[in-house]
>>> print(open('final-v2.cif').read())   # mmCIF, N, CA and C atoms
data_protein
#
loop_
_atom_site.label_atom_id
_atom_site.label_comp_id
_atom_site.auth_asym_id
_atom_site.auth_seq_id
_atom_site.Cartn_x
_atom_site.Cartn_y
_atom_site.Cartn_z
N MET A 403 7.16 -16.92 -21.87
CA MET A 403 6.57 -15.88 -21.07
C MET A 403 5.38 -15.26 -21.76
N SER A 404 4.73 -15.99 -22.64
CA SER A 404 3.58 -15.43 -23.34
C SER A 404 2.36 -15.45 -22.43
N SER A 405 1.58 -14.39 -22.57
CA SER A 405 0.37 -14.32 -21.76
C SER A 405 -0.80 -14.90 -22.55
N GLN A 406 -1.84 -15.18 -21.85
CA GLN A 406 -3.06 -15.70 -22.44
C GLN A 406 -4.22 -15.12 -21.65
N LEU A 407 -5.42 -15.48 -22.01
CA LEU A 407 -6.57 -14.98 -21.25
C LEU A 407 -6.74 -15.81 -19.99
N VAL A 408 -6.78 -15.13 -18.86
CA VAL A 408 -7.02 -15.75 -17.57
C VAL A 408 -8.28 -15.12 -17.01
N ASP A 409 -9.24 -15.94 -16.63
CA ASP A 409 -10.49 -15.43 -16.08
C ASP A 409 -10.26 -15.07 -14.61
N HIS A 410 -10.15 -13.78 -14.35
CA HIS A 410 -9.86 -13.32 -13.00
C HIS A 410 -11.04 -13.54 -12.06
N SER A 411 -12.22 -13.74 -12.60
CA SER A 411 -13.36 -14.08 -11.73
C SER A 411 -13.15 -15.45 -11.09
N ALA A 412 -12.56 -16.38 -11.83
CA ALA A 412 -12.24 -17.70 -11.26
C ALA A 412 -11.24 -17.55 -10.12
N LEU A 413 -10.27 -16.66 -10.29
CA LEU A 413 -9.28 -16.42 -9.23
C LEU A 413 -9.95 -15.81 -8.00
N LYS A 414 -10.87 -14.90 -8.22
CA LYS A 414 -11.57 -14.25 -7.10
C LYS A 414 -12.44 -15.25 -6.34
N VAL A 415 -13.11 -16.14 -7.06
CA VAL A 415 -13.92 -17.16 -6.40
C VAL A 415 -13.00 -18.08 -5.58
N ASN A 416 -11.85 -18.42 -6.13
CA ASN A 416 -10.88 -19.25 -5.42
C ASN A 416 -10.42 -18.56 -4.13
N GLN A 417 -10.09 -17.28 -4.22
CA GLN A 417 -9.64 -16.54 -3.05
C GLN A 417 -10.75 -16.44 -2.00
N THR A 418 -11.97 -16.23 -2.47
CA THR A 418 -13.11 -16.16 -1.55
C THR A 418 -13.30 -17.49 -0.84
N GLY A 419 -13.17 -18.59 -1.57
CA GLY A 419 -13.29 -19.92 -0.97
C GLY A 419 -12.22 -20.17 0.09
N ILE A 420 -11.01 -19.71 -0.18
CA ILE A 420 -9.91 -19.87 0.79
C ILE A 420 -10.22 -19.09 2.06
N VAL A 421 -10.56 -17.83 1.90
CA VAL A 421 -10.85 -16.97 3.06
C VAL A 421 -12.02 -17.55 3.86
N ALA A 422 -13.09 -17.91 3.19
CA ALA A 422 -14.28 -18.42 3.88
C ALA A 422 -13.99 -19.72 4.62
N THR A 423 -13.25 -20.62 3.98
CA THR A 423 -12.96 -21.91 4.61
C THR A 423 -12.10 -21.74 5.86
N VAL A 424 -11.07 -20.91 5.76
CA VAL A 424 -10.20 -20.69 6.93
C VAL A 424 -10.98 -20.02 8.05
N LEU A 425 -11.82 -19.05 7.71
CA LEU A 425 -12.59 -18.37 8.76
C LEU A 425 -13.59 -19.30 9.42
N VAL A 426 -14.24 -20.15 8.64
CA VAL A 426 -15.18 -21.12 9.23
C VAL A 426 -14.41 -22.06 10.16
N ALA A 427 -13.25 -22.52 9.74
CA ALA A 427 -12.45 -23.42 10.58
C ALA A 427 -11.99 -22.70 11.85
N PHE A 428 -11.54 -21.47 11.69
CA PHE A 428 -11.00 -20.72 12.84
C PHE A 428 -12.10 -20.38 13.84
N ILE A 429 -13.14 -19.73 13.37
CA ILE A 429 -14.22 -19.31 14.27
C ILE A 429 -15.02 -20.52 14.76
N GLY A 430 -15.35 -21.41 13.85
CA GLY A 430 -16.15 -22.58 14.21
C GLY A 430 -15.47 -23.51 15.18
N SER A 431 -14.14 -23.60 15.11
CA SER A 431 -13.42 -24.51 16.00
C SER A 431 -13.51 -24.09 17.46
N ALA A 432 -13.84 -22.82 17.72
CA ALA A 432 -14.03 -22.37 19.10
C ALA A 432 -15.27 -23.05 19.70
N PHE A 433 -16.21 -23.44 18.85
CA PHE A 433 -17.44 -24.07 19.31
C PHE A 433 -17.47 -25.57 19.04
N PHE A 434 -16.77 -25.97 17.97
CA PHE A 434 -16.79 -27.37 17.55
C PHE A 434 -15.41 -27.71 16.98
N GLN A 435 -14.55 -28.21 17.85
CA GLN A 435 -13.14 -28.47 17.52
C GLN A 435 -12.91 -29.23 16.21
N PRO A 436 -13.74 -30.23 15.86
CA PRO A 436 -13.49 -30.97 14.62
C PRO A 436 -13.51 -30.13 13.35
N LEU A 437 -14.02 -28.90 13.40
CA LEU A 437 -13.99 -28.04 12.21
C LEU A 437 -12.56 -27.70 11.77
N LEU A 438 -11.60 -27.91 12.65
CA LEU A 438 -10.20 -27.69 12.27
C LEU A 438 -9.77 -28.59 11.12
N VAL A 439 -10.49 -29.68 10.89
CA VAL A 439 -10.16 -30.58 9.78
C VAL A 439 -10.29 -29.85 8.43
N LEU A 440 -11.00 -28.74 8.41
CA LEU A 440 -11.11 -27.96 7.17
C LEU A 440 -9.76 -27.43 6.70
N ILE A 441 -8.85 -27.18 7.63
CA ILE A 441 -7.53 -26.66 7.25
C ILE A 441 -6.76 -27.69 6.42
N PRO A 442 -6.55 -28.92 6.91
CA PRO A 442 -5.85 -29.89 6.05
C PRO A 442 -6.63 -30.23 4.77
N LEU A 443 -7.96 -30.23 4.84
CA LEU A 443 -8.74 -30.48 3.62
C LEU A 443 -8.52 -29.38 2.60
N LEU A 444 -8.47 -28.14 3.06
CA LEU A 444 -8.21 -27.02 2.15
C LEU A 444 -6.80 -27.12 1.56
N ALA A 445 -5.84 -27.54 2.38
CA ALA A 445 -4.48 -27.72 1.87
C ALA A 445 -4.48 -28.73 0.72
N ILE A 446 -5.19 -29.83 0.91
CA ILE A 446 -5.27 -30.86 -0.12
C ILE A 446 -5.94 -30.32 -1.38
N VAL A 447 -7.03 -29.59 -1.19
CA VAL A 447 -7.76 -29.01 -2.34
C VAL A 447 -6.85 -28.06 -3.12
N LEU A 448 -6.12 -27.20 -2.42
CA LEU A 448 -5.25 -26.25 -3.11
C LEU A 448 -4.09 -26.95 -3.82
N LEU A 449 -3.48 -27.91 -3.15
CA LEU A 449 -2.35 -28.61 -3.76
C LEU A 449 -2.80 -29.46 -4.96
N LEU A 450 -3.92 -30.16 -4.82
CA LEU A 450 -4.43 -30.93 -5.96
C LEU A 450 -4.75 -30.01 -7.13
N GLY A 451 -5.40 -28.89 -6.84
CA GLY A 451 -5.76 -27.95 -7.89
C GLY A 451 -4.56 -27.30 -8.55
N THR A 452 -3.46 -27.22 -7.82
CA THR A 452 -2.23 -26.65 -8.39
C THR A 452 -1.66 -27.57 -9.46
N PHE A 453 -1.69 -28.86 -9.20
CA PHE A 453 -1.09 -29.82 -10.11
C PHE A 453 -2.07 -30.41 -11.12
N VAL A 454 -3.35 -30.44 -10.76
CA VAL A 454 -4.39 -30.95 -11.66
C VAL A 454 -5.54 -29.92 -11.66
N PRO A 455 -5.50 -28.96 -12.57
CA PRO A 455 -6.48 -27.87 -12.55
C PRO A 455 -7.94 -28.32 -12.51
N GLN A 456 -8.24 -29.50 -13.06
CA GLN A 456 -9.62 -30.00 -13.03
C GLN A 456 -10.07 -30.31 -11.59
N LEU A 457 -9.13 -30.42 -10.67
CA LEU A 457 -9.46 -30.71 -9.28
C LEU A 457 -9.46 -29.45 -8.40
N ALA A 458 -9.30 -28.29 -9.01
CA ALA A 458 -9.33 -27.03 -8.25
C ALA A 458 -10.79 -26.75 -7.88
N LEU A 459 -11.17 -27.13 -6.67
CA LEU A 459 -12.57 -27.12 -6.23
C LEU A 459 -13.27 -25.79 -6.44
N PHE A 460 -12.69 -24.71 -5.95
CA PHE A 460 -13.37 -23.42 -6.03
C PHE A 460 -13.44 -22.89 -7.47
N LYS A 461 -12.40 -23.14 -8.23
CA LYS A 461 -12.42 -22.73 -9.64
C LYS A 461 -13.46 -23.54 -10.41
N GLN A 462 -13.57 -24.81 -10.08
CA GLN A 462 -14.58 -25.64 -10.74
C GLN A 462 -15.99 -25.20 -10.34
N LEU A 463 -16.17 -24.78 -9.10
CA LEU A 463 -17.45 -24.22 -8.67
C LEU A 463 -17.80 -23.02 -9.54
N TYR A 464 -16.81 -22.19 -9.81
CA TYR A 464 -17.02 -21.03 -10.67
C TYR A 464 -17.38 -21.46 -12.10
N PHE A 465 -16.54 -22.33 -12.69
CA PHE A 465 -16.74 -22.71 -14.09
C PHE A 465 -17.97 -23.57 -14.32
N GLN A 466 -18.32 -24.42 -13.36
CA GLN A 466 -19.42 -25.36 -13.54
C GLN A 466 -20.77 -24.84 -13.03
N VAL A 467 -20.75 -23.93 -12.05
CA VAL A 467 -22.00 -23.50 -11.42
C VAL A 467 -22.22 -21.99 -11.54
N LEU A 468 -21.29 -21.21 -11.01
CA LEU A 468 -21.51 -19.77 -10.90
C LEU A 468 -21.51 -19.04 -12.25
N LYS A 469 -20.55 -19.35 -13.10
CA LYS A 469 -20.47 -18.69 -14.41
C LYS A 469 -21.62 -19.09 -15.33
N PRO A 470 -21.92 -20.40 -15.50
CA PRO A 470 -23.01 -20.78 -16.41
C PRO A 470 -24.37 -20.20 -16.00
N ARG A 471 -24.58 -20.01 -14.71
CA ARG A 471 -25.87 -19.48 -14.24
C ARG A 471 -25.87 -17.95 -14.20
N GLY A 472 -24.77 -17.33 -14.57
CA GLY A 472 -24.69 -15.87 -14.57
C GLY A 472 -24.58 -15.26 -13.18
N ILE A 473 -24.27 -16.08 -12.18
CA ILE A 473 -24.14 -15.58 -10.81
C ILE A 473 -22.88 -14.73 -10.68
N VAL A 474 -21.82 -15.16 -11.33
CA VAL A 474 -20.56 -14.40 -11.37
C VAL A 474 -20.20 -14.23 -12.84
N LYS A 475 -19.97 -13.00 -13.22
CA LYS A 475 -19.63 -12.69 -14.61
C LYS A 475 -18.14 -12.95 -14.86
N PRO A 476 -17.81 -13.46 -16.04
CA PRO A 476 -16.39 -13.69 -16.35
C PRO A 476 -15.65 -12.36 -16.49
N ARG A 477 -14.38 -12.39 -16.15
CA ARG A 477 -13.52 -11.22 -16.33
C ARG A 477 -12.19 -11.68 -16.91
N PRO A 478 -12.19 -11.97 -18.23
CA PRO A 478 -10.95 -12.42 -18.85
C PRO A 478 -9.94 -11.28 -18.95
N VAL A 479 -8.70 -11.58 -18.55
CA VAL A 479 -7.63 -10.59 -18.56
C VAL A 479 -6.42 -11.23 -19.23
N GLN A 480 -5.74 -10.45 -20.06
CA GLN A 480 -4.48 -10.92 -20.66
C GLN A 480 -3.47 -11.06 -19.52
N ASP A 481 -3.07 -12.27 -19.22
CA ASP A 481 -2.27 -12.53 -18.03
C ASP A 481 -1.58 -13.89 -18.19
N ARG A 482 -0.70 -14.20 -17.27
CA ARG A 482 -0.05 -15.51 -17.24
C ARG A 482 -0.65 -16.32 -16.09
N PRO A 483 -1.07 -17.55 -16.33
CA PRO A 483 -1.65 -18.35 -15.25
C PRO A 483 -0.61 -18.88 -14.26
N GLN A 484 0.63 -19.02 -14.68
CA GLN A 484 1.64 -19.66 -13.83
C GLN A 484 1.85 -18.96 -12.48
N PRO A 485 1.95 -17.62 -12.42
CA PRO A 485 2.13 -16.99 -11.11
C PRO A 485 0.96 -17.26 -10.16
N HIS A 486 -0.25 -17.25 -10.69
CA HIS A 486 -1.43 -17.50 -9.85
C HIS A 486 -1.45 -18.95 -9.38
N ASN A 487 -1.06 -19.85 -10.25
CA ASN A 487 -1.00 -21.27 -9.89
C ASN A 487 0.06 -21.50 -8.82
N PHE A 488 1.20 -20.84 -8.98
CA PHE A 488 2.27 -20.93 -7.99
C PHE A 488 1.78 -20.41 -6.63
N ALA A 489 1.08 -19.29 -6.64
CA ALA A 489 0.56 -18.70 -5.40
C ALA A 489 -0.41 -19.66 -4.72
N GLN A 490 -1.26 -20.30 -5.50
CA GLN A 490 -2.19 -21.28 -4.94
C GLN A 490 -1.43 -22.43 -4.30
N GLY A 491 -0.40 -22.92 -4.98
CA GLY A 491 0.41 -24.01 -4.43
C GLY A 491 1.13 -23.60 -3.16
N LEU A 492 1.62 -22.37 -3.15
CA LEU A 492 2.31 -21.86 -1.96
C LEU A 492 1.33 -21.78 -0.78
N GLY A 493 0.11 -21.33 -1.06
CA GLY A 493 -0.92 -21.32 -0.01
C GLY A 493 -1.20 -22.72 0.48
N GLY A 494 -1.25 -23.68 -0.43
CA GLY A 494 -1.47 -25.07 -0.06
C GLY A 494 -0.35 -25.61 0.82
N VAL A 495 0.88 -25.25 0.50
CA VAL A 495 2.02 -25.70 1.31
C VAL A 495 1.94 -25.11 2.71
N PHE A 496 1.64 -23.81 2.81
CA PHE A 496 1.53 -23.18 4.12
C PHE A 496 0.39 -23.80 4.94
N LEU A 497 -0.71 -24.13 4.27
CA LEU A 497 -1.83 -24.78 4.98
C LEU A 497 -1.46 -26.21 5.40
N ALA A 498 -0.65 -26.89 4.60
CA ALA A 498 -0.18 -28.23 4.98
C ALA A 498 0.70 -28.14 6.23
N VAL A 499 1.59 -27.15 6.26
CA VAL A 499 2.43 -26.93 7.44
C VAL A 499 1.55 -26.55 8.64
N ALA A 500 0.57 -25.69 8.40
CA ALA A 500 -0.36 -25.31 9.47
C ALA A 500 -1.06 -26.55 10.03
N SER A 501 -1.43 -27.46 9.15
CA SER A 501 -2.12 -28.68 9.57
C SER A 501 -1.26 -29.53 10.49
N ILE A 502 0.02 -29.57 10.21
CA ILE A 502 0.95 -30.35 11.04
C ILE A 502 1.00 -29.77 12.45
N PHE A 503 0.90 -28.45 12.56
CA PHE A 503 0.97 -27.79 13.87
C PHE A 503 -0.35 -27.79 14.64
N LEU A 504 -1.45 -28.09 13.98
CA LEU A 504 -2.75 -27.97 14.64
C LEU A 504 -2.90 -28.83 15.89
N ILE A 505 -2.26 -29.99 15.92
CA ILE A 505 -2.40 -30.86 17.09
C ILE A 505 -1.45 -30.43 18.23
N PRO A 506 -0.12 -30.36 17.98
CA PRO A 506 0.76 -30.04 19.11
C PRO A 506 0.72 -28.56 19.51
N LEU A 507 0.60 -27.66 18.52
CA LEU A 507 0.61 -26.22 18.78
C LEU A 507 -0.49 -25.53 17.96
N PRO A 508 -1.73 -25.67 18.39
CA PRO A 508 -2.84 -25.14 17.59
C PRO A 508 -2.73 -23.65 17.30
N VAL A 509 -2.12 -22.88 18.20
CA VAL A 509 -1.98 -21.44 17.97
C VAL A 509 -1.11 -21.18 16.75
N VAL A 510 -0.03 -21.94 16.60
CA VAL A 510 0.85 -21.79 15.44
C VAL A 510 0.12 -22.22 14.16
N GLY A 511 -0.56 -23.35 14.22
CA GLY A 511 -1.30 -23.83 13.06
C GLY A 511 -2.36 -22.84 12.61
N LEU A 512 -3.11 -22.32 13.56
CA LEU A 512 -4.15 -21.35 13.21
C LEU A 512 -3.56 -20.04 12.72
N ALA A 513 -2.44 -19.64 13.28
CA ALA A 513 -1.78 -18.40 12.82
C ALA A 513 -1.34 -18.54 11.37
N LEU A 514 -0.75 -19.68 11.01
CA LEU A 514 -0.34 -19.90 9.62
C LEU A 514 -1.55 -19.93 8.69
N ALA A 515 -2.61 -20.59 9.12
CA ALA A 515 -3.82 -20.66 8.30
C ALA A 515 -4.42 -19.26 8.12
N LEU A 516 -4.43 -18.47 9.18
CA LEU A 516 -4.95 -17.10 9.08
C LEU A 516 -4.07 -16.24 8.17
N LEU A 517 -2.77 -16.49 8.19
CA LEU A 517 -1.87 -15.76 7.28
C LEU A 517 -2.26 -16.02 5.83
N VAL A 518 -2.54 -17.27 5.51
CA VAL A 518 -2.97 -17.61 4.14
C VAL A 518 -4.28 -16.90 3.82
N ALA A 519 -5.21 -16.90 4.77
CA ALA A 519 -6.50 -16.24 4.54
C ALA A 519 -6.32 -14.73 4.36
N VAL A 520 -5.47 -14.12 5.16
CA VAL A 520 -5.23 -12.67 5.04
C VAL A 520 -4.62 -12.35 3.68
N LEU A 521 -3.65 -13.14 3.24
CA LEU A 521 -3.02 -12.89 1.93
C LEU A 521 -4.01 -13.12 0.79
N ALA A 522 -4.88 -14.11 0.92
CA ALA A 522 -5.92 -14.33 -0.09
C ALA A 522 -6.88 -13.15 -0.10
N PHE A 523 -7.20 -12.62 1.08
CA PHE A 523 -8.09 -11.46 1.17
C PHE A 523 -7.44 -10.21 0.56
N VAL A 524 -6.17 -10.01 0.81
CA VAL A 524 -5.46 -8.86 0.23
C VAL A 524 -5.52 -8.94 -1.29
N ASN A 525 -5.33 -10.13 -1.84
CA ASN A 525 -5.43 -10.31 -3.29
C ASN A 525 -6.85 -10.06 -3.76
N LEU A 526 -7.82 -10.59 -3.04
CA LEU A 526 -9.23 -10.43 -3.39
C LEU A 526 -9.64 -8.96 -3.35
N ALA A 527 -9.29 -8.26 -2.30
CA ALA A 527 -9.75 -6.89 -2.10
C ALA A 527 -8.91 -5.84 -2.82
N PHE A 528 -7.61 -6.06 -2.89
CA PHE A 528 -6.72 -5.02 -3.39
C PHE A 528 -5.93 -5.41 -4.64
N GLY A 529 -6.05 -6.67 -5.06
CA GLY A 529 -5.38 -7.11 -6.28
C GLY A 529 -3.88 -7.30 -6.14
N TYR A 530 -3.38 -7.39 -4.92
CA TYR A 530 -1.96 -7.64 -4.72
C TYR A 530 -1.75 -9.09 -4.32
N CYS A 531 -0.98 -9.81 -5.13
CA CYS A 531 -0.74 -11.24 -4.91
C CYS A 531 0.72 -11.44 -4.49
N LEU A 532 0.93 -11.68 -3.21
CA LEU A 532 2.29 -11.90 -2.71
C LEU A 532 2.90 -13.16 -3.33
N GLY A 533 2.12 -14.22 -3.46
CA GLY A 533 2.63 -15.44 -4.09
C GLY A 533 3.08 -15.20 -5.52
N CYS A 534 2.35 -14.35 -6.24
CA CYS A 534 2.74 -14.00 -7.62
C CYS A 534 4.06 -13.23 -7.61
N GLN A 535 4.21 -12.32 -6.65
CA GLN A 535 5.46 -11.55 -6.55
C GLN A 535 6.64 -12.46 -6.25
N ILE A 536 6.43 -13.44 -5.38
CA ILE A 536 7.49 -14.41 -5.09
C ILE A 536 7.84 -15.18 -6.35
N PHE A 537 6.82 -15.59 -7.11
CA PHE A 537 7.04 -16.29 -8.38
C PHE A 537 7.90 -15.44 -9.31
N PHE A 538 7.53 -14.15 -9.48
CA PHE A 538 8.27 -13.27 -10.39
C PHE A 538 9.72 -13.11 -9.95
N GLN A 539 9.96 -12.99 -8.64
CA GLN A 539 11.32 -12.84 -8.14
C GLN A 539 12.14 -14.11 -8.37
N LEU A 540 11.53 -15.26 -8.11
CA LEU A 540 12.24 -16.52 -8.34
C LEU A 540 12.52 -16.72 -9.83
N GLU A 541 11.56 -16.35 -10.66
CA GLU A 541 11.75 -16.47 -12.11
C GLU A 541 12.85 -15.52 -12.59
N ARG A 542 12.84 -14.31 -12.09
CA ARG A 542 13.84 -13.31 -12.49
C ARG A 542 15.26 -13.77 -12.14
N ARG A 543 15.37 -14.47 -11.03
CA ARG A 543 16.68 -14.95 -10.59
C ARG A 543 17.04 -16.30 -11.25
N GLY A 544 16.16 -16.79 -12.09
CA GLY A 544 16.42 -18.04 -12.79
C GLY A 544 16.22 -19.29 -11.93
N LEU A 545 15.54 -19.16 -10.80
CA LEU A 545 15.34 -20.30 -9.91
C LEU A 545 14.14 -21.16 -10.31
N ILE A 546 13.21 -20.58 -11.04
CA ILE A 546 12.09 -21.35 -11.61
C ILE A 546 11.85 -20.87 -13.02
N ARG A 547 11.25 -21.76 -13.79
CA ARG A 547 10.90 -21.45 -15.18
C ARG A 547 9.44 -21.71 -15.38
N ALA A 548 8.79 -20.77 -16.06
CA ALA A 548 7.35 -20.93 -16.32
C ALA A 548 7.13 -21.89 -17.46
#
>>> encode(input="final-v2.cif", output="structure tokens")
Amino acid sequence: MSSQLVDHSALKVNQTGIVATVLVAFIGSAFFQPLLVLIPLLAIVLLLGTFVPQLALFKQLYFQVLKPRGIVKPRPVQDRPQPHNFAQGLGGVFLAVASIFLIPLPVVGLALALLVAVLAFVNLAFGYCLGCQIFFQLERRGLIRA
């Protein structure tokens, strides 16, 4: 349970990418239905990034482009990366489920995708991470180990 430095700016860029992608898919699909493909693509990006951090698209955008150019300043915080990684994976799972519903019940699929976007926004704007809280509760009950 040791903490380390976690760059919270990378987390914020990730959350911004999630919110923006879901909103583009949601709003854009009203005009161009194929934009809904962004939902399953985002699910893949989040799940890949959960298991292989080098494939975390939005975090890599931060580390490779935004941070080196000084566009976004680093904000290292003594923290544990596991709860944030778990939250990202949970978002990916919900988006994968949303993707399954997009064809037969698009309202359900879009509702699930919007839920992920709202929770990412709450974390971005207010610093409350529901996925992290779920991680802590599961860990406290001995159901997962960091």
>>> resolve_selection(input="final-v2.cif", expression="the PyMOL selection byres (((chain A and resi 409-414 and name CA) around 10) and name CA)", output="PyMOL selection string")
chain A and resi 406-408+415-420+460-465+468-469+474-481+483+486-487+490+522-523+525-527+529
>>> atom_distance(input="final-v2.cif", atom1="CA of Gln484 in chain A", atom2="CA of Ala548 in chain A")
6.4 Å
>>> atom_distance(input="final-v2.cif", atom1="CA of Val447 in chain A", atom2="CA of Leu459 in chain A")
6.5 Å
>>> closest_residue(input="final-v2.cif", among="A:Glu541, A:Arg482, A:Gln456, A:Gly494", to="Ser404 in chain A", atoms="all atoms listed in the file")
A:Arg482
>>> select_by_dssp(input="final-v2.cif", residues="chain A", states="helix (DSSP H, G or I)", output="PyMOL selection string")
chain A and resi 410-430+435-453+455-457+459-468+483-503+508-528+532-542
>>> residues_around(input="final-v2.cif", residues="Leu448 in chain A", least_positions_apart="5", cutoff="8 Å", atoms="all atoms listed in the file", output="MDAnalysis selection string")
chainID A and resid 442:443 453:454 457:460 490:495
>>> closest_atom_pairs(input="final-v2.cif", of="range 484-528 of chain A", to="range 427-438 of chain A", cutoff="9 Å", atoms="only C-alpha atoms", output="Markdown table")
| residue | atom | partner | partner_atom | distance |
| --- | --- | --- | --- | --- |
| A:Ser501 | CA | A:Leu438 | CA | 8.6 |
| A:Leu504 | CA | A:Leu438 | CA | 7.8 |
| A:Leu512 | CA | A:Phe428 | CA | 6.9 |
| A:Ala515 | CA | A:Phe428 | CA | 8.5 |
| A:Leu516 | CA | A:Phe428 | CA | 8.0 |
>>> atom_distance(input="final-v2.cif", atom1="CA of Gly511 in chain A", atom2="CA of Ala445 in chain A")
12.3 Å
>>> closest_residue(input="final-v2.cif", among="A:Ile441, A:Leu507, A:Val467, A:Cys531", to="Val424 in chain A", atoms="all atoms listed in the file")
A:Ile441
>>> select_by_dssp(input="final-v2.cif", residues="range 411-541 of chain A", states="strand (DSSP E)", output="PyMOL selection string")
chain A and resi 478-481
>>> closest_residue(input="final-v2.cif", among="A:Val499, A:Ala422, A:Ala489, A:Ala513", to="Gln535 in chain A", atoms="all atoms listed in the file")
A:Ala489
>>> closest_residue(input="final-v2.cif", among="A:Leu450, A:Gly544, A:Val510, A:Leu444", to="Val426 in chain A", atoms="only C-alpha atoms")
A:Leu444
>>> closest_residue(input="final-v2.cif", among="A:Phe488, A:Leu521, A:Leu425, A:Ala498", to="Phe538 in chain A", atoms="only C-alpha atoms")
A:Phe488
